[in-house]
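Working notes for the structure below.
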Amino acid sequence: MRNNQNYSVIYMLLLCVIARMAVACSSSPSFKGNEGGDGEDEVWSYRIDPPSGVKAELYNSEYNVIITWEAVKNADRYVVMRSINESMGYEVLTTNEETTSFVDLLPRDGKNNYVVYAISDNEMSEPSAAASVIYEKEVSFTVNSASFKMVKVVGGTFEMGQTGWKEYPSYTNEKPVHQVTLFDFCIGATEVTQDLWEAVMGSNPSWFKGTNLPVESVSWNDCQEFIKKLNSLTGKNFRLPTEAEWEYSARARTNQYWEYSGADESFIDAVAWYRDNSNGETHVVATKKPNSLGLYDMSGNVAEWCQDWYGDYGSEAQMNPSGPFSGSIRVSRGGSWFQFASSCRVSYRGYAPPSYRGSSYGLRLALSSP
């Protein structure tokens, strides 16, 4: 009963907090509400001290924000709120934080502003001084005047494999569905363009020529040479995504089933260049709609090499899988301009020898930390 009363008080307090922050109209140190069953108005005051020493810092390879503050005497819980770019109202992140820290797992793009309130029974403090941190969802790089973007992907657990089907049945190599857990990583917002490939390699092997077309006619082995030179130029450790990272990104970090990356079978034309709409050629990257992570052309345009050797799935749960230790063929994902819609599904698994070069094969970069 005590806990239910506390939560009712917190709820009423928060209604007042949100109203006060939204309209910024009240300087009164107290307000009234009706709590309990005696029918009498009860005054909730702001006499408890607000938290001090509030800090907001990027951590965990700059994917999350940790907010810390000093303990307030007599406070038994805290409320953490956030606004974005000082132009939006505050939103509640947590209402019952009993420690003096909180992790914002999903900061928004831009300047994140945090305030903390202290609560003790029917008393609530004024808001703390705001602490701010700038979060960038995308990380930009430039190599010899060629620029490209990597998107931060927060790690998590998902069901990998064909988890359902609508228009097309699954292939046997898409099963069994199994649980996969991944750490944070970055993945290219687009497929590697011919502009970037030429800036690194000094040549362009593509059949279809165009600065912002995806590079193609590159083998898995060619991609390794490209990445080696790119890392030398940038001092980073770029690589191909693992097959698990690719599917997790294509699914936009969710277990919600989409036939394609960002669309069901009725809307493939909105997100993918494939056999029925490509006119027999590749297209400029990022001209179709992205998925909810901001990733373009995960379905269609060019099939994308992955780091893994190709092999059958197992049913056991896995942590950061990277495929078999050896093999003769490498995995590709996403389908291409040349293939039917069924090959552009998020669970479809392509493969080819690592020396294979074709005008439907390209790549997307990955990075373990920005």
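Scheme for the structure tokens: letters A, B, ... for chains in order shown; per-chain residue numbers from 1; ligand numbers from 1 in order shown.
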
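The environment of A:Val151 within 6 Å, counting only C-alpha atoms and disregarding residues fewer than 4 places along the same chain, consists of Lys137, Glu138, Cys186, Ile187 and Ala189 of chain A.
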
DSSP on the backbone, helix (DSSP H, G or I) only: what residues of stretch 87-301 of chain A does that give? Format it as a PyMOL selection string. chain A and resi 172-174+194-201+220-234+243-250+265-271

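Straight-line separation from atom CA of A:Ile48 to atom CA of A:Asp104: 25.1 Å.
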
May I have a table of the residues of stretch 319-367 of chain A lying at most 10 Å from stretch 269-289 of chain A, giving each one's closest pair of atoms and their distance in Å to one decimal, counting only C-alpha atoms, ordered by chain and ascending residue number, as a Markdown table?
| residue | atom | partner | partner_atom | distance |
| --- | --- | --- | --- | --- |
| A:Gly334 | CA | A:Ala272 | CA | 9.4 |
| A:Gly335 | CA | A:Tyr274 | CA | 7.7 |
| A:Ser336 | CA | A:Tyr274 | CA | 5.6 |
| A:Trp337 | CA | A:Tyr274 | CA | 3.9 |
| A:Phe338 | CA | A:Arg275 | CA | 5.0 |
| A:Gln339 | CA | A:Arg275 | CA | 5.2 |
| A:Phe340 | CA | A:Arg275 | CA | 5.3 |
| A:Ala341 | CA | A:Tyr274 | CA | 6.4 |
| A:Ser342 | CA | A:Tyr274 | CA | 9.8 |
| A:Ser343 | CA | A:Tyr274 | CA | 9.0 |
| A:Cys344 | CA | A:Tyr274 | CA | 7.7 |
| A:Ser359 | CA | A:Thr282 | CA | 8.6 |
| A:Ser360 | CA | A:Thr282 | CA | 8.0 |

Restrict the selected residues to C-alpha atoms and save them as a short mmCIF file (atom, residue, chain, number, x, y, z; two decimals), in the first residue's frame.
data_model
loop_
_atom_site.label_atom_id
_atom_site.label_comp_id
_atom_site.auth_asym_id
_atom_site.auth_seq_id
_atom_site.Cartn_x
_atom_site.Cartn_y
_atom_site.Cartn_z
CA GLY A 334 20.95 -7.81 -49.34
CA GLY A 335 20.41 -8.88 -52.94
CA SER A 336 21.03 -6.60 -55.89
CA TRP A 337 19.72 -4.77 -58.94
CA PHE A 338 19.99 -8.05 -60.83
CA GLN A 339 18.00 -10.22 -58.44
CA PHE A 340 14.35 -10.82 -57.73
CA ALA A 341 12.64 -9.39 -54.65
CA SER A 342 12.92 -12.70 -52.78
CA SER A 343 16.71 -12.31 -52.76
CA CYS A 344 16.48 -8.84 -51.22
CA SER A 359 28.64 -6.27 -61.44
CA SER A 360 26.09 -7.05 -58.73
#

Write out as a PDB file with N, CA and C atoms, in the first residue's frame which residues come within 7 Å of stretch 212-220 of chain A when counting only C-alpha atoms, dropping same-chain ones fewer than 2 positions away.
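part_18.pdb was written with the following content:
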ATOM      1  N   GLU A 191      26.298   2.003 -49.169  1.00  0.00           N
ATOM      2  CA  GLU A 191      27.319   1.130 -49.747  1.00  0.00           C
ATOM      3  C   GLU A 191      28.520   1.989 -50.155  1.00  0.00           C
ATOM      4  N   VAL A 192      29.682   1.400 -50.202  1.00  0.00           N
ATOM      5  CA  VAL A 192      30.883   2.129 -50.621  1.00  0.00           C
ATOM      6  C   VAL A 192      30.696   2.606 -52.055  1.00  0.00           C
ATOM      7  N   THR A 193      30.924   3.887 -52.254  1.00  0.00           N
ATOM      8  CA  THR A 193      30.752   4.473 -53.580  1.00  0.00           C
ATOM      9  C   THR A 193      32.019   4.335 -54.424  1.00  0.00           C
ATOM     10  N   GLN A 194      31.850   4.554 -55.705  1.00  0.00           N
ATOM     11  CA  GLN A 194      33.009   4.543 -56.591  1.00  0.00           C
ATOM     12  C   GLN A 194      33.954   5.698 -56.267  1.00  0.00           C
ATOM     13  N   ASP A 195      33.399   6.802 -55.815  1.00  0.00           N
ATOM     14  CA  ASP A 195      34.217   7.949 -55.416  1.00  0.00           C
ATOM     15  C   ASP A 195      35.182   7.568 -54.295  1.00  0.00           C
ATOM     16  N   TRP A 197      36.064   4.426 -53.332  1.00  0.00           N
ATOM     17  CA  TRP A 197      36.967   3.361 -53.773  1.00  0.00           C
ATOM     18  C   TRP A 197      38.142   3.944 -54.557  1.00  0.00           C
ATOM     19  N   PRO A 205      37.016  -0.278 -60.727  1.00  0.00           N
ATOM     20  CA  PRO A 205      36.758  -1.491 -61.491  1.00  0.00           C
ATOM     21  C   PRO A 205      35.310  -1.653 -61.953  1.00  0.00           C
ATOM     22  N   SER A 206      34.434  -0.724 -61.613  1.00  0.00           N
ATOM     23  CA  SER A 206      32.998  -0.911 -61.796  1.00  0.00           C
ATOM     24  C   SER A 206      32.588  -0.989 -63.272  1.00  0.00           C
ATOM     25  N   TRP A 207      31.566  -1.780 -63.516  1.00  0.00           N
ATOM     26  CA  TRP A 207      30.998  -1.905 -64.862  1.00  0.00           C
ATOM     27  C   TRP A 207      30.119  -0.686 -65.163  1.00  0.00           C
ATOM     28  N   GLY A 210      30.002   5.862 -62.294  1.00  0.00           N
ATOM     29  CA  GLY A 210      29.354   7.037 -61.731  1.00  0.00           C
ATOM     30  C   GLY A 210      29.902   7.309 -60.345  1.00  0.00           C
ATOM     31  N   ASP A 222      39.383  -8.366 -53.066  1.00  0.00           N
ATOM     32  CA  ASP A 222      39.604  -6.957 -53.414  1.00  0.00           C
ATOM     33  C   ASP A 222      39.187  -6.050 -52.263  1.00  0.00           C
ATOM     34  N   CYS A 223      38.074  -6.406 -51.630  1.00  0.00           N
ATOM     35  CA  CYS A 223      37.575  -5.601 -50.508  1.00  0.00           C
ATOM     36  C   CYS A 223      38.566  -5.583 -49.351  1.00  0.00           C
ATOM     37  N   GLN A 224      39.221  -6.702 -49.116  1.00  0.00           N
ATOM     38  CA  GLN A 224      40.209  -6.751 -48.037  1.00  0.00           C
ATOM     39  C   GLN A 224      41.396  -5.840 -48.340  1.00  0.00           C
ATOM     40  N   THR A 282      22.871  -0.460 -61.699  1.00  0.00           N
ATOM     41  CA  THR A 282      22.920   0.089 -60.347  1.00  0.00           C
ATOM     42  C   THR A 282      22.414   1.527 -60.357  1.00  0.00           C
ATOM     43  N   HIS A 283      22.164   2.061 -59.155  1.00  0.00           N
ATOM     44  CA  HIS A 283      21.663   3.424 -59.034  1.00  0.00           C
ATOM     45  C   HIS A 283      22.427   4.161 -57.942  1.00  0.00           C
ATOM     46  N   VAL A 284      22.398   5.489 -58.028  1.00  0.00           N
ATOM     47  CA  VAL A 284      23.071   6.332 -57.038  1.00  0.00           C
ATOM     48  C   VAL A 284      22.621   5.927 -55.643  1.00  0.00           C
ATOM     49  N   VAL A 285      23.565   5.814 -54.719  1.00  0.00           N
ATOM     50  CA  VAL A 285      23.236   5.390 -53.355  1.00  0.00           C
ATOM     51  C   VAL A 285      22.332   6.415 -52.682  1.00  0.00           C
ATOM     52  N   TRP A 305      29.261  -7.912 -49.616  1.00  0.00           N
ATOM     53  CA  TRP A 305      30.109  -8.928 -48.999  1.00  0.00           C
ATOM     54  C   TRP A 305      30.094  -8.787 -47.475  1.00  0.00           C
ATOM     55  N   PRO A 354      35.518 -16.180 -52.685  1.00  0.00           N
ATOM     56  CA  PRO A 354      36.103 -14.870 -52.344  1.00  0.00           C
ATOM     57  C   PRO A 354      36.812 -14.184 -53.512  1.00  0.00           C
ATOM     58  N   SER A 355      37.080 -14.924 -54.570  1.00  0.00           N
ATOM     59  CA  SER A 355      37.729 -14.331 -55.741  1.00  0.00           C
ATOM     60  C   SER A 355      36.720 -13.851 -56.786  1.00  0.00           C
ATOM     61  N   TYR A 356      35.447 -14.090 -56.552  1.00  0.00           N
ATOM     62  CA  TYR A 356      34.421 -13.778 -57.548  1.00  0.00           C
ATOM     63  C   TYR A 356      34.230 -12.276 -57.692  1.00  0.00           C
ATOM     64  N   ARG A 357      34.192 -11.796 -58.925  1.00  0.00           N
ATOM     65  CA  ARG A 357      33.876 -10.415 -59.234  1.00  0.00           C
ATOM     66  C   ARG A 357      32.660 -10.382 -60.145  1.00  0.00           C
ATOM     67  N   GLY A 358      31.678  -9.590 -59.758  1.00  0.00           N
ATOM     68  CA  GLY A 358      30.472  -9.460 -60.567  1.00  0.00           C
ATOM     69  C   GLY A 358      29.903  -8.070 -60.434  1.00  0.00           C
ATOM     70  N   SER A 359      29.176  -7.629 -61.449  1.00  0.00           N
ATOM     71  CA  SER A 359      28.642  -6.267 -61.444  1.00  0.00           C
ATOM     72  C   SER A 359      27.492  -6.090 -60.461  1.00  0.00           C
ATOM     73  N   SER A 360      27.126  -7.154 -59.755  1.00  0.00           N
ATOM     74  CA  SER A 360      26.091  -7.050 -58.726  1.00  0.00           C
ATOM     75  C   SER A 360      26.668  -7.150 -57.319  1.00  0.00           C
ATOM     76  N   TYR A 361      28.000  -7.204 -57.208  1.00  0.00           N
ATOM     77  CA  TYR A 361      28.649  -7.365 -55.901  1.00  0.00           C
ATOM     78  C   TYR A 361      29.425  -6.124 -55.502  1.00  0.00           C
ATOM     79  N   GLY A 362      29.141  -5.622 -54.290  1.00  0.00           N
ATOM     80  CA  GLY A 362      29.847  -4.477 -53.732  1.00  0.00           C
ATOM     81  C   GLY A 362      30.085  -4.683 -52.246  1.00  0.00           C
TER      82      GLY A 362
END

Hey, what's within 9 Å of A:Ala250 if we count only C-alpha atoms and toss same-chain stuff fewer than 2 positions away? As a ChimeraX atom specification, please? /A:245-248,252-253,260-262,291,293,295,298-299,334,346

Could you save those same residues with N, CA and C atoms as a PDB file, in the first residue's frame?
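Everything below was put into again-v1.pdb:
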ATOM      1  N   GLU A 245      25.914  -8.865 -37.808  1.00  0.00           N
ATOM      2  CA  GLU A 245      25.821  -7.407 -37.737  1.00  0.00           C
ATOM      3  C   GLU A 245      24.998  -6.870 -38.894  1.00  0.00           C
ATOM      4  N   TRP A 246      25.206  -7.452 -40.076  1.00  0.00           N
ATOM      5  CA  TRP A 246      24.465  -6.987 -41.243  1.00  0.00           C
ATOM      6  C   TRP A 246      22.960  -7.199 -41.045  1.00  0.00           C
ATOM      7  N   GLU A 247      22.555  -8.393 -40.631  1.00  0.00           N
ATOM      8  CA  GLU A 247      21.122  -8.656 -40.479  1.00  0.00           C
ATOM      9  C   GLU A 247      20.515  -7.825 -39.352  1.00  0.00           C
ATOM     10  N   TYR A 248      21.225  -7.676 -38.253  1.00  0.00           N
ATOM     11  CA  TYR A 248      20.764  -6.862 -37.130  1.00  0.00           C
ATOM     12  C   TYR A 248      20.525  -5.420 -37.587  1.00  0.00           C
ATOM     13  N   ALA A 252      17.033  -3.131 -38.330  1.00  0.00           N
ATOM     14  CA  ALA A 252      16.969  -1.913 -37.510  1.00  0.00           C
ATOM     15  C   ALA A 252      16.880  -2.230 -36.029  1.00  0.00           C
ATOM     16  N   ARG A 253      17.644  -3.243 -35.599  1.00  0.00           N
ATOM     17  CA  ARG A 253      17.796  -3.591 -34.185  1.00  0.00           C
ATOM     18  C   ARG A 253      16.522  -4.155 -33.564  1.00  0.00           C
ATOM     19  N   TYR A 260      11.723  -6.824 -46.096  1.00  0.00           N
ATOM     20  CA  TYR A 260      12.891  -6.109 -46.608  1.00  0.00           C
ATOM     21  C   TYR A 260      13.355  -5.098 -45.569  1.00  0.00           C
ATOM     22  N   SER A 261      14.462  -4.435 -45.817  1.00  0.00           N
ATOM     23  CA  SER A 261      15.010  -3.523 -44.820  1.00  0.00           C
ATOM     24  C   SER A 261      14.232  -2.214 -44.808  1.00  0.00           C
ATOM     25  N   GLY A 262      13.239  -2.154 -43.922  1.00  0.00           N
ATOM     26  CA  GLY A 262      12.449  -0.947 -43.787  1.00  0.00           C
ATOM     27  C   GLY A 262      11.098  -1.004 -44.444  1.00  0.00           C
ATOM     28  N   ASN A 291      16.127   2.629 -43.793  1.00  0.00           N
ATOM     29  CA  ASN A 291      15.392   2.021 -42.690  1.00  0.00           C
ATOM     30  C   ASN A 291      15.446   2.968 -41.493  1.00  0.00           C
ATOM     31  N   LEU A 293      17.170   3.096 -38.898  1.00  0.00           N
ATOM     32  CA  LEU A 293      18.501   3.452 -38.407  1.00  0.00           C
ATOM     33  C   LEU A 293      19.190   4.475 -39.302  1.00  0.00           C
ATOM     34  N   LEU A 295      19.936   3.712 -42.608  1.00  0.00           N
ATOM     35  CA  LEU A 295      20.778   2.932 -43.519  1.00  0.00           C
ATOM     36  C   LEU A 295      20.074   2.772 -44.860  1.00  0.00           C
ATOM     37  N   MET A 298      20.066  -1.285 -47.938  1.00  0.00           N
ATOM     38  CA  MET A 298      20.358  -2.575 -47.313  1.00  0.00           C
ATOM     39  C   MET A 298      19.688  -3.705 -48.093  1.00  0.00           C
ATOM     40  N   SER A 299      18.584  -3.382 -48.742  1.00  0.00           N
ATOM     41  CA  SER A 299      17.958  -4.308 -49.681  1.00  0.00           C
ATOM     42  C   SER A 299      18.202  -3.777 -51.093  1.00  0.00           C
ATOM     43  N   GLY A 334      21.729  -8.946 -48.868  1.00  0.00           N
ATOM     44  CA  GLY A 334      20.946  -7.810 -49.340  1.00  0.00           C
ATOM     45  C   GLY A 334      20.374  -7.901 -50.734  1.00  0.00           C
ATOM     46  N   VAL A 346      15.627  -9.507 -45.747  1.00  0.00           N
ATOM     47  CA  VAL A 346      16.651  -9.303 -44.720  1.00  0.00           C
ATOM     48  C   VAL A 346      17.281 -10.601 -44.231  1.00  0.00           C
TER      49      VAL A 346
END

Which residues of stretch 181-294 of chain A come within 12 Å of stretch 52-67 of chain A, and for each one, what is the closest pair of atoms and their distance in Å to one decimal, counting only C-alpha atoms, sorted by chain and residue number, as a tab-separated table?
residue	atom	partner	partner_atom	distance
A:Phe183	CA	A:Asn60	CA	10.1
A:Asp184	CA	A:Tyr63	CA	7.5
A:Phe185	CA	A:Ser61	CA	8.8
A:Cys186	CA	A:Tyr63	CA	9.7

Dump all heavy atoms for the selected residues as a compact mmCIF listing (two decimals), in the first residue's frame?
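Output below, filename result_21.txt:
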# COMPACT_ATOMS: atom_id res chain seq x y z
N PHE A 183 27.62 -6.67 -29.59
CA PHE A 183 28.08 -5.45 -28.97
C PHE A 183 27.81 -4.28 -29.91
O PHE A 183 27.44 -4.46 -31.07
CB PHE A 183 29.58 -5.52 -28.66
CG PHE A 183 29.94 -6.57 -27.63
CD1 PHE A 183 31.21 -7.14 -27.62
CD2 PHE A 183 29.03 -6.99 -26.68
CE1 PHE A 183 31.56 -8.10 -26.68
CE2 PHE A 183 29.36 -7.95 -25.72
CZ PHE A 183 30.63 -8.51 -25.74
N ASP A 184 28.04 -3.05 -29.43
CA ASP A 184 27.88 -1.86 -30.26
C ASP A 184 28.88 -1.88 -31.43
O ASP A 184 30.00 -2.39 -31.30
CB ASP A 184 28.12 -0.60 -29.45
CG ASP A 184 27.15 -0.45 -28.29
OD1 ASP A 184 26.06 -1.06 -28.34
OD2 ASP A 184 27.48 0.28 -27.34
N PHE A 185 28.48 -1.28 -32.52
CA PHE A 185 29.38 -1.15 -33.68
C PHE A 185 28.87 -0.03 -34.57
O PHE A 185 27.79 0.55 -34.33
CB PHE A 185 29.45 -2.46 -34.46
CG PHE A 185 28.14 -2.93 -35.02
CD1 PHE A 185 27.77 -2.66 -36.34
CD2 PHE A 185 27.25 -3.66 -34.24
CE1 PHE A 185 26.56 -3.09 -36.86
CE2 PHE A 185 26.03 -4.10 -34.74
CZ PHE A 185 25.68 -3.81 -36.06
N CYS A 186 29.62 0.30 -35.58
CA CYS A 186 29.19 1.26 -36.60
C CYS A 186 29.10 0.54 -37.94
O CYS A 186 29.84 -0.40 -38.21
CB CYS A 186 30.19 2.41 -36.74
SG CYS A 186 30.28 3.52 -35.34

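Of the residues under consideration (A:Ser83, A:Ser249, A:Gly327, A:Asn301), A:Asn301 shows the shortest atom-to-atom contact distance to A:Phe208 when counting only C-alpha atoms.
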
Which residue out of A:Ala71, A:Met81, A:Ala146, A:Tyr90 has the minimum interatomic distance to A:Val103 when only C-alpha atoms are used? A:Met81

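Between atom CA of A:Pro324 and atom CA of A:Asp312 the interatomic distance comes to 8.8 Å.
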